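What follows is a short report on a single structure.
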Amino acid sequence: MKHNFSPRGVCSTQIEFELDGNTVRNIRFQGGCNGNLKAIAALADGMTVQQIKDKILGIKCGFKSTSCSDQLAQALISALEKEKAQ
């Protein structure tokens, strides 16, 4: 299922991804540090939500309380919870 997430407190403005059960596919960031976010998306593709959460949840960017990768982890957790509730 395709999901869209509007991150908060970071430079990226939108995160799009697909969940196939617990597996994450086709991650795309709008805005932010283009090269770094393409790398995160490529590395995370095919991983489970739990694997991604374990690696990147809580990462901060500079003096910010979050980061684009942390926002991705939060988006995945939220999307998986919503899918399970349906």
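Note on naming: chains are A, B, ... as they come in the structure tokens, residues start from 1 per chain, ligands start from 1 in the order shown.
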Could you find all residues in chain A that DSSP calls alpha helix (DSSP H) from the backbone, and write them as a PyMOL selection string? chain A and resi 34-44+49-56+68-85
If you count only C-alpha atoms, which residues fall within 7 Å of segment 26-42 of chain A, apart from same-chain ones fewer than 2 positions away, as a list in words?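 Close residues of segment 26-42 of chain A: Cys11, Ser12, Thr13, Gln14, Ile15, Glu16, Phe17, Glu18, Ala44 and Asp45 of chain A.
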Selected residues written out, C-alpha atoms, as a CSV table (one decimal), in the first residue's frame:
```csv
chain,number,residue,atom,x,y,z
A,11,CYS,CA,14.2,20.2,5.3
A,12,SER,CA,12.3,17.5,3.3
A,13,THR,CA,8.6,18.3,2.7
A,14,GLN,CA,7.2,14.9,1.8
A,15,ILE,CA,8.1,11.2,2.1
A,16,GLU,CA,6.4,8.7,-0.1
A,17,PHE,CA,6.8,4.9,0.3
A,18,GLU,CA,5.1,1.6,-0.2
A,44,ALA,CA,16.4,1.0,3.2
A,45,ASP,CA,14.6,-0.5,0.1
```
Output as a list in words all residues of chain A that backbone DSSP marks as strand (DSSP E or B). Lys2, His3, Asn4, Phe5, Ser12, Thr13, Gln14, Ile15, Glu16, Phe17, Glu18, Leu19, Asp20, Thr23, Val24, Arg25, Asn26, Ile27, Arg28, Phe29, Gln30, Gly31 and Thr48 of chain A
From the list A:Val24, A:Ala85, A:Met47, A:Val10, which residue is nearest Asp70 of chain A when using only C-alpha atoms?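 Result for the nearest residue to Asp70 of chain A: A:Val10.
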Near-Lys82 of chain A list (12 Å; only C-alpha atoms; drop same-chain fewer than 3 positions) as a PyMOL selection string: chain A and resi 1+3+19+21+75-79+85-86
From A:Leu80, A:Leu43, A:Val49, A:Ile56, residue lying nearest Cys68 of chain A [only C-alpha atoms]: A:Ile56
Atom CA of Ala73 of chain A and atom CA of Asn22 of chain A, how far apart in Å?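 Taking atom CA of Asn22 of chain A as the start and atom CA of Ala73 of chain A as the end point, the length is 12.8 Å.
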